[in-house]
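This is query_5.tsv. It holds TSV, C-alpha atoms and all ligand atoms.
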chain	number	residue	atom	x	y	z
A	1	MET	CA	-4.96	-14.47	-37.70
A	2	ILE	CA	-7.73	-12.05	-38.59
A	3	GLU	CA	-10.02	-11.23	-35.65
A	4	LEU	CA	-13.06	-8.96	-35.69
A	5	THR	CA	-14.85	-8.08	-32.47
A	6	ASP	CA	-18.10	-6.09	-32.29
A	7	VAL	CA	-17.40	-4.40	-35.62
A	8	LYS	CA	-20.11	-2.02	-36.75
A	9	LYS	CA	-20.22	0.08	-39.91
A	10	SER	CA	-23.01	2.28	-41.24
A	11	PHE	CA	-23.22	4.46	-44.32
A	12	LYS	CA	-25.33	7.55	-44.74
A	13	ASP	CA	-28.33	7.17	-46.98
A	14	PRO	CA	-27.56	9.84	-49.61
A	15	ALA	CA	-31.25	10.81	-49.86
A	16	THR	CA	-32.19	11.12	-46.19
A	17	GLY	CA	-28.79	11.39	-44.49
A	18	ASN	CA	-29.87	8.66	-42.08
A	19	PRO	CA	-27.29	6.04	-41.16
A	20	VAL	CA	-27.86	2.61	-42.69
A	21	ARG	CA	-26.17	-0.27	-40.86
A	22	VAL	CA	-24.31	-2.50	-43.29
A	23	ILE	CA	-21.96	-4.40	-40.99
A	24	ASP	CA	-22.63	-5.65	-37.47
A	25	ILE	CA	-20.25	-8.51	-36.75
A	26	PRO	CA	-20.05	-9.59	-33.10
A	27	SER	CA	-17.21	-12.03	-33.67
A	28	PHE	CA	-15.37	-13.38	-36.69
A	29	SER	CA	-11.92	-14.86	-37.09
A	30	ILE	CA	-9.76	-16.68	-39.60
A	31	GLY	CA	-6.70	-18.57	-38.42
A	32	HIS	CA	-3.28	-18.71	-39.98
A	33	GLY	CA	-2.99	-20.79	-43.14
A	34	ILE	CA	-6.75	-20.96	-43.68
A	35	HIS	CA	-8.25	-20.62	-47.16
A	36	ALA	CA	-11.80	-19.45	-46.67
A	37	GLY	CA	-14.62	-18.75	-49.08
A	38	LEU	CA	-17.23	-16.30	-47.84
A	39	ARG	CA	-20.64	-16.42	-49.45
A	40	GLY	CA	-23.08	-13.53	-49.60
A	41	PRO	CA	-25.60	-12.21	-52.10
A	42	SER	CA	-24.98	-8.87	-53.77
A	43	GLY	CA	-25.41	-5.87	-51.48
A	44	THR	CA	-24.88	-7.72	-48.20
A	45	GLY	CA	-21.57	-6.07	-47.29
A	46	LYS	CA	-18.87	-8.36	-48.73
A	47	THR	CA	-16.83	-5.54	-50.24
A	48	THR	CA	-17.34	-3.39	-47.14
A	49	LEU	CA	-16.05	-6.24	-44.97
A	50	LEU	CA	-12.91	-6.62	-47.09
A	51	HIS	CA	-12.38	-2.84	-47.02
A	52	LEU	CA	-12.59	-2.98	-43.22
A	53	ILE	CA	-10.19	-5.92	-42.86
A	54	SER	CA	-7.70	-4.27	-45.22
A	55	GLY	CA	-7.94	-0.93	-43.42
A	56	MET	CA	-9.17	0.94	-46.49
A	57	THR	CA	-12.23	1.82	-44.38
A	58	THR	CA	-12.54	2.13	-40.61
A	59	PRO	CA	-15.35	0.73	-38.48
A	60	ASP	CA	-17.66	3.04	-36.50
A	61	SER	CA	-16.87	0.88	-33.48
A	62	GLY	CA	-15.22	-2.41	-32.61
A	63	THR	CA	-11.77	-3.81	-33.25
A	64	ILE	CA	-10.08	-5.47	-36.20
A	65	ARG	CA	-6.87	-7.30	-35.40
A	66	ASN	CA	-4.69	-8.57	-38.20
A	67	LEU	CA	-1.62	-10.64	-37.25
A	68	GLY	CA	-1.95	-9.25	-33.73
A	69	THR	CA	-2.12	-5.59	-34.78
A	70	ASP	CA	-5.28	-3.63	-33.97
A	71	ILE	CA	-5.53	-1.83	-37.31
A	72	SER	CA	-8.72	-0.02	-36.33
A	73	GLY	CA	-6.56	1.92	-33.85
A	74	LEU	CA	-4.01	3.03	-36.45
A	75	SER	CA	-3.82	6.30	-38.40
A	76	GLU	CA	-4.66	6.22	-42.10
A	77	PHE	CA	-0.95	6.42	-42.94
A	78	ALA	CA	-0.12	3.52	-40.61
A	79	ARG	CA	-3.00	1.46	-42.03
A	80	ASP	CA	-1.70	2.07	-45.56
A	81	ARG	CA	1.78	0.94	-44.48
A	82	PHE	CA	0.34	-2.12	-42.77
A	83	ARG	CA	-1.63	-3.04	-45.88
A	84	ALA	CA	1.39	-2.59	-48.16
A	85	ASN	CA	3.52	-4.88	-46.01
A	86	HIS	CA	1.05	-7.54	-44.95
A	87	ILE	CA	-2.03	-7.66	-47.17
A	88	GLY	CA	-2.48	-8.49	-50.83
A	89	TYR	CA	-5.82	-7.19	-52.15
A	90	ILE	CA	-7.48	-8.35	-55.34
A	91	PHE	CA	-10.11	-5.81	-56.30
A	92	GLN	CA	-13.35	-6.73	-58.00
A	93	SER	CA	-12.65	-4.04	-60.61
A	94	PHE	CA	-8.89	-4.85	-60.87
A	95	ASN	CA	-7.66	-1.27	-60.18
A	96	LEU	CA	-4.70	-1.65	-62.55
A	97	LEU	CA	-3.09	1.55	-63.78
A	98	ASP	CA	-3.52	1.71	-67.53
A	99	GLY	CA	-0.57	4.00	-68.23
A	100	PHE	CA	1.73	1.22	-67.01
A	101	SER	CA	2.68	-2.23	-68.26
A	102	ALA	CA	1.83	-5.44	-66.39
A	103	LEU	CA	5.40	-5.51	-65.04
A	104	GLU	CA	5.23	-1.88	-63.92
A	105	ASN	CA	1.87	-2.47	-62.22
A	106	VAL	CA	3.39	-5.30	-60.18
A	107	MET	CA	6.47	-3.19	-59.36
A	108	LEU	CA	4.30	-0.22	-58.33
A	109	GLY	CA	2.69	-2.47	-55.73
A	110	MET	CA	6.18	-3.13	-54.34
A	111	MET	CA	7.07	0.55	-54.04
A	112	PHE	CA	4.82	1.09	-51.04
A	113	ALA	CA	6.22	-1.79	-48.97
A	114	ASP	CA	9.35	-1.68	-46.83
A	115	LYS	CA	11.13	-4.26	-48.99
A	116	GLY	CA	10.97	-1.97	-52.04
A	117	THR	CA	10.92	-2.93	-55.72
A	118	ASP	CA	12.48	-6.06	-57.12
A	119	ARG	CA	12.21	-6.34	-60.89
A	120	LYS	CA	13.41	-9.96	-61.02
A	121	LYS	CA	10.78	-10.98	-58.50
A	122	ALA	CA	8.02	-9.11	-60.38
A	123	GLU	CA	9.07	-10.91	-63.57
A	124	HIS	CA	9.06	-14.23	-61.72
A	125	LEU	CA	5.54	-13.63	-60.38
A	126	LEU	CA	4.25	-12.76	-63.85
A	127	LYS	CA	5.77	-16.04	-65.07
A	128	VAL	CA	4.02	-17.91	-62.26
A	129	VAL	CA	0.67	-16.51	-63.41
A	130	GLY	CA	1.47	-17.42	-67.04
A	131	LEU	CA	2.12	-13.94	-68.40
A	132	GLN	CA	5.80	-14.31	-69.31
A	133	ASP	CA	5.08	-13.11	-72.87
A	134	ARG	CA	2.73	-10.29	-71.80
A	135	MET	CA	4.86	-8.45	-69.22
A	136	HIS	CA	5.17	-5.32	-71.30
A	137	TYR	CA	1.50	-5.14	-72.31
A	138	LYS	CA	-0.71	-2.45	-70.79
A	139	PRO	CA	-3.92	-3.57	-69.00
A	140	SER	CA	-6.06	-2.39	-71.95
A	141	GLN	CA	-4.02	-4.70	-74.20
A	142	LEU	CA	-4.78	-7.71	-72.02
A	143	SER	CA	-7.86	-9.92	-71.79
A	144	VAL	CA	-9.95	-9.73	-68.63
A	145	GLY	CA	-8.52	-13.06	-67.43
A	146	GLN	CA	-4.98	-11.82	-68.07
A	147	GLN	CA	-5.70	-8.60	-66.16
A	148	GLN	CA	-6.90	-10.67	-63.22
A	149	ARG	CA	-3.62	-12.63	-63.35
A	150	VAL	CA	-1.68	-9.36	-63.16
A	151	CYS	CA	-3.75	-8.46	-60.08
A	152	ILE	CA	-2.82	-11.78	-58.46
A	153	ALA	CA	0.87	-11.20	-59.20
A	154	ARG	CA	0.59	-7.68	-57.79
A	155	ALA	CA	-1.22	-8.89	-54.67
A	156	ALA	CA	1.48	-11.51	-54.05
A	157	ALA	CA	4.38	-9.14	-54.76
A	158	ASN	CA	5.15	-8.19	-51.16
A	159	ASP	CA	4.81	-11.71	-49.73
A	160	PRO	CA	1.73	-10.75	-47.72
A	161	GLU	CA	0.57	-13.02	-44.89
A	162	ILE	CA	-3.04	-12.21	-45.82
A	163	LEU	CA	-4.65	-12.28	-49.27
A	164	LEU	CA	-8.13	-10.81	-49.74
A	165	ALA	CA	-10.01	-11.27	-53.01
A	166	ASP	CA	-13.28	-9.56	-53.89
A	167	GLU	CA	-15.26	-11.71	-56.36
A	168	PRO	CA	-12.03	-12.49	-58.23
A	169	THR	CA	-13.76	-14.59	-60.87
A	170	GLY	CA	-16.85	-12.42	-61.30
A	171	SER	CA	-16.11	-11.44	-64.91
A	172	LEU	CA	-14.43	-14.66	-66.06
A	173	ASP	CA	-15.66	-17.69	-68.01
A	174	PRO	CA	-15.73	-21.00	-66.06
A	175	LYS	CA	-12.37	-22.30	-67.38
A	176	THR	CA	-10.50	-19.04	-66.74
A	177	SER	CA	-12.27	-18.77	-63.41
A	178	ASP	CA	-10.87	-22.19	-62.40
A	179	GLU	CA	-7.37	-21.22	-63.53
A	180	VAL	CA	-7.49	-17.96	-61.60
A	181	LEU	CA	-8.62	-19.79	-58.44
A	182	GLU	CA	-5.75	-22.29	-58.84
A	183	LEU	CA	-3.31	-19.37	-59.06
A	184	LEU	CA	-4.82	-17.78	-55.99
A	185	PHE	CA	-4.34	-21.03	-54.06
A	186	GLU	CA	-0.79	-21.30	-55.38
A	187	VAL	CA	0.33	-17.82	-54.29
A	188	SER	CA	-1.37	-18.14	-50.90
A	189	LYS	CA	0.13	-21.44	-49.69
A	190	ASP	CA	0.54	-21.28	-45.89
A	191	LYS	CA	-1.17	-17.88	-45.88
A	192	ILE	CA	-4.60	-16.60	-45.02
A	193	LEU	CA	-6.76	-16.40	-48.14
A	194	LEU	CA	-10.24	-14.91	-47.88
A	195	VAL	CA	-12.28	-14.90	-51.06
A	196	VAL	CA	-15.75	-13.38	-51.13
A	197	SER	CA	-18.13	-14.47	-53.83
A	198	HIS	CA	-21.77	-15.08	-54.62
A	199	GLU	CA	-20.89	-17.94	-56.99
A	200	GLU	CA	-21.44	-21.45	-55.59
A	201	GLU	CA	-18.95	-23.02	-58.04
A	202	VAL	CA	-16.24	-20.75	-56.62
A	203	LEU	CA	-17.17	-21.39	-52.99
A	204	ASN	CA	-17.25	-25.15	-53.54
A	205	ARG	CA	-13.51	-25.04	-54.17
A	206	PHE	CA	-12.85	-24.01	-50.57
A	207	PRO	CA	-12.42	-26.45	-47.71
A	208	GLN	CA	-13.74	-23.78	-45.36
A	209	LYS	CA	-16.92	-22.06	-46.44
A	210	MET	CA	-18.71	-19.35	-44.50
A	211	ASP	CA	-21.91	-17.48	-44.93
A	212	LEU	CA	-21.85	-13.72	-44.38
A	213	SER	CA	-25.47	-13.74	-43.23
A	214	GLU	CA	-24.45	-16.00	-40.31
A	215	ILE	CA	-21.66	-13.67	-39.26
A	216	ASN	CA	-23.11	-10.29	-40.07
A	217	LYS	CA	-26.21	-9.20	-38.17
A	218	GLY	CA	-26.23	-5.99	-40.19
A	219	ALA	CA	-26.78	-7.68	-43.57
A	220	LEU	CA	-29.62	-5.96	-45.37
A	221	VAL	CA	-30.66	-8.66	-47.81
B	301	LIG	N1	-19.89	4.58	-49.60
B	301	LIG	C1	-21.13	4.13	-49.39
B	301	LIG	N2	-22.16	4.98	-49.09
B	301	LIG	C2	-23.41	4.51	-48.86
B	301	LIG	N3	-23.75	3.21	-48.92
B	301	LIG	C3	-22.78	2.32	-49.22
B	301	LIG	C4	-21.43	2.72	-49.47
B	301	LIG	N4	-20.70	1.60	-49.73
B	301	LIG	C5	-21.56	0.56	-49.65
B	301	LIG	N5	-22.81	0.98	-49.35
B	301	LIG	C6	-24.00	0.15	-49.15
B	301	LIG	O1	-23.64	-0.96	-48.34
B	301	LIG	C7	-24.28	-2.13	-48.77
B	301	LIG	C8	-23.25	-3.23	-48.95
B	301	LIG	O2	-22.40	-2.88	-50.05
B	301	LIG	P1	-21.19	-3.82	-50.48
B	301	LIG	O3	-20.30	-4.03	-49.32
B	301	LIG	O4	-20.57	-3.23	-51.69
B	301	LIG	O5	-21.97	-5.18	-50.82
B	301	LIG	P2	-21.50	-6.46	-51.67
B	301	LIG	O6	-20.03	-6.35	-51.91
B	301	LIG	O7	-21.87	-7.64	-50.81
B	301	LIG	O8	-22.31	-6.45	-52.92
B	301	LIG	C9	-25.06	-1.77	-50.02
B	301	LIG	O9	-26.41	-1.63	-49.64
B	301	LIG	C10	-24.48	-0.46	-50.45
B	301	LIG	O10	-25.43	0.38	-51.06
B	302	MG	MG	-18.96	-6.24	-53.67

Kindly transcribe the structure held in the file into structure tokens.
Amino acid sequence: MIELTDVKKSFKDPATGNPVRVIDIPSFSIGHGIHAGLRGPSGTGKTTLLHLISGMTTPDSGTIRNLGTDISGLSEFARDRFRANHIGYIFQSFNLLDGFSALENVMLGMMFADKGTDRKKAEHLLKVVGLQDRMHYKPSQLSVGQQQRVCIARAAANDPEILLADEPTGSLDPKTSDEVLELLFEVSKDKILLVVSHEEEVLNRFPQKMDLSEINKGALV
């Protein structure tokens, strides 16, 4: 379960220094095993919300409970540990390390979790996402769709209970986009999957669709 209560987050306007409210969510939750698509136009706080849920950012006030743990009350170190063990994050911009192969990128994701690295499992996950013959390629030697598959394998590497994906199909053609969504559903069976997107075709694939503007009173657009 993911539960947000009275979560507020502002950023400073770089020009004036004044706080600008981006997130003001009185109440929002996603139950276990739910695959949810969250809609929101650009600039309305989708990425900020995922950063908050994953503990990469902290709220100004309010609580964020993941799997019963109030992560907003944890230190940065403890939040990083929690994320490594329980959350798989698929970044909009991939965040793969280019000095490392696809296999090494997946194994690096495992290093930060308590279970540690497991080469056989990393190889298996890359097979699941269809990259059995690209394991030793570096991200720059892979197509954008292939890079996104590596990200999915990396996000699934530590068997997280929660998968968060930030516009995972944003830079993909419709066919690859469909394939990537299928893979996301496959690795998140029985888990919480929250995908944010502004694309209707992506959101239509989800049994549970939500609108950020209905949840977030702080949305600017
Ligand atoms: N670090 C930051 N400093 C100042 N403003 C920010 C920062 N991060 C995000 N914002 C602002 O918050 C708003 C929401 O951003 P974001 O969560 O990235 O939206 P989305 O992912 O929906 O496009 C935008 O207006 C953006 O300018
Ligand atoms: Mg975004």

Mind checking which residues fall within 12 Å of Met56 in chain A, counting only C-alpha atoms, ignoring those fewer than 3 positions away in the same chain, and posting them as an mmCIF file with C-alpha atoms, in the frame of the given file?
data_model
loop_
_atom_site.group_PDB
_atom_site.id
_atom_site.type_symbol
_atom_site.label_atom_id
_atom_site.label_comp_id
_atom_site.auth_asym_id
_atom_site.auth_seq_id
_atom_site.Cartn_x
_atom_site.Cartn_y
_atom_site.Cartn_z
ATOM 1 C CA THR A 47 -16.830 -5.540 -50.240
ATOM 2 C CA THR A 48 -17.340 -3.390 -47.140
ATOM 3 C CA LEU A 49 -16.050 -6.240 -44.970
ATOM 4 C CA LEU A 50 -12.910 -6.620 -47.090
ATOM 5 C CA HIS A 51 -12.380 -2.840 -47.020
ATOM 6 C CA LEU A 52 -12.590 -2.980 -43.220
ATOM 7 C CA ILE A 53 -10.190 -5.920 -42.860
ATOM 8 C CA PRO A 59 -15.350 0.730 -38.480
ATOM 9 C CA ILE A 71 -5.530 -1.830 -37.310
ATOM 10 C CA SER A 72 -8.720 -0.020 -36.330
ATOM 11 C CA LEU A 74 -4.010 3.030 -36.450
ATOM 12 C CA SER A 75 -3.820 6.300 -38.400
ATOM 13 C CA GLU A 76 -4.660 6.220 -42.100
ATOM 14 C CA PHE A 77 -0.950 6.420 -42.940
ATOM 15 C CA ALA A 78 -0.120 3.520 -40.610
ATOM 16 C CA ARG A 79 -3.000 1.460 -42.030
ATOM 17 C CA ASP A 80 -1.700 2.070 -45.560
ATOM 18 C CA ARG A 81 1.780 0.940 -44.480
ATOM 19 C CA PHE A 82 0.340 -2.120 -42.770
ATOM 20 C CA ARG A 83 -1.630 -3.040 -45.880
ATOM 21 C CA ALA A 84 1.390 -2.590 -48.160
ATOM 22 C CA ILE A 87 -2.030 -7.660 -47.170
ATOM 23 C CA TYR A 89 -5.820 -7.190 -52.150
ATOM 24 C CA PHE A 91 -10.110 -5.810 -56.300
#

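Using only C-alpha atoms, the contacts of Val202 in chain A at a cut-off of 12 Å, with sequence neighbours closer than 5 positions omitted, comprise Ala36, Gly37, Leu38, Arg39, Ala165, Asp166, Glu167, Pro168, Thr169, Gly170, Leu172, Asp173, Pro174, Lys175, Thr176, Ser177, Asp178, Glu179, Val180, Leu181, Glu182, Leu184, Val195, Val196, Ser197, Pro207, Gln208 and Lys209 of chain A.
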
Practice task
Kindly indicate which residue among A:Val22, A:Ala157, A:Leu212, A:Met1 lies nearest to ligand LIG 301 (chain B), using only C-alpha atoms and all ligand atoms for the distances.
Solution key: A:Val22

Exercise for the section: Name each residue within 7 Å of ligand LIG 301 (chain B), counting all atoms listed in the file, as an NGL selection string. Expected result: :A and (11-14 or 22 or 40-49 or 220)

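The coordinates place CA of Pro139 in chain A at 7.4 Å from CA of Leu97 in chain A.
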
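Interatomic distance, CA of Val187 in chain A to CA of Gly99 in chain A: 25.9 Å.
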
Exercise for the section: Could you check which of A:Ser93, A:Asn204, A:Ser213, A:Ser143 is closest to ligand MG 302 (chain B), using only C-alpha atoms and all ligand atoms? Expected result: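 Looking only at the distances to ligand MG 302 (chain B), the closest residue turns out to be A:Ser93.
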
Practice task
Step by step: start from the point (7.1, -5.1, -42.0) in the file's coordinates, keep every protein, DNA or RNA residue that has an atom no farther than 8 Å from it, count only C-alpha atoms, and write the set as a PyMOL selection string.
Solution key: chain A and resi 82+85-86+113-114

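Interatomic distance, CA of His32 in chain A against CA of Gly73 in chain A: 21.8 Å.
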
Problem - Proximity to ligand MG 302 (chain B) - best of A:Thr5, A:Asn66, A:Gln92, A:Ser29, all atoms listed in the file - result: A:Gln92

Problem - Selected residue of minimal separation from Gln146 in chain A among A:His124, A:Gly116, A:Leu164, A:Ala102, counting all atoms listed in the file - result: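 Of the candidates, the smallest distance to Gln146 in chain A is held by A:Ala102.
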
Exercise for the section: Dump as a list in words all residues having an atom at most 10 Å from (8.8, -15.0, -51.3), computed in the file's coordinates with all atoms listed in the file. Expected result: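 Every residue inside that radius is included here: Lys121, Leu125, Ala156, Ala157, Asn158, Asp159, Pro160 and Val187 of chain A.
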
Problem - All residues 8 Å or closer to Phe94 in chain A, only C-alpha atoms, same chain fewer than 2 positions away omitted, as number ranges by chain - result: A: 90-92, 96, 147-148, 151

Handout entry: Among listed residues A:Ile162, A:Ile34, A:Ile64, A:Val106, nearest Phe206 in chain A (using all atoms listed in the file)
Key =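 Answer, going by the shortest atom-to-atom distance: A:Ile34.
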
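Among A:Ile30, A:Ile215, A:Leu131, A:Leu4, the residue with the shortest atom-to-atom distance to Ser61 in chain A, counting all atoms listed in the file, is A:Leu4.
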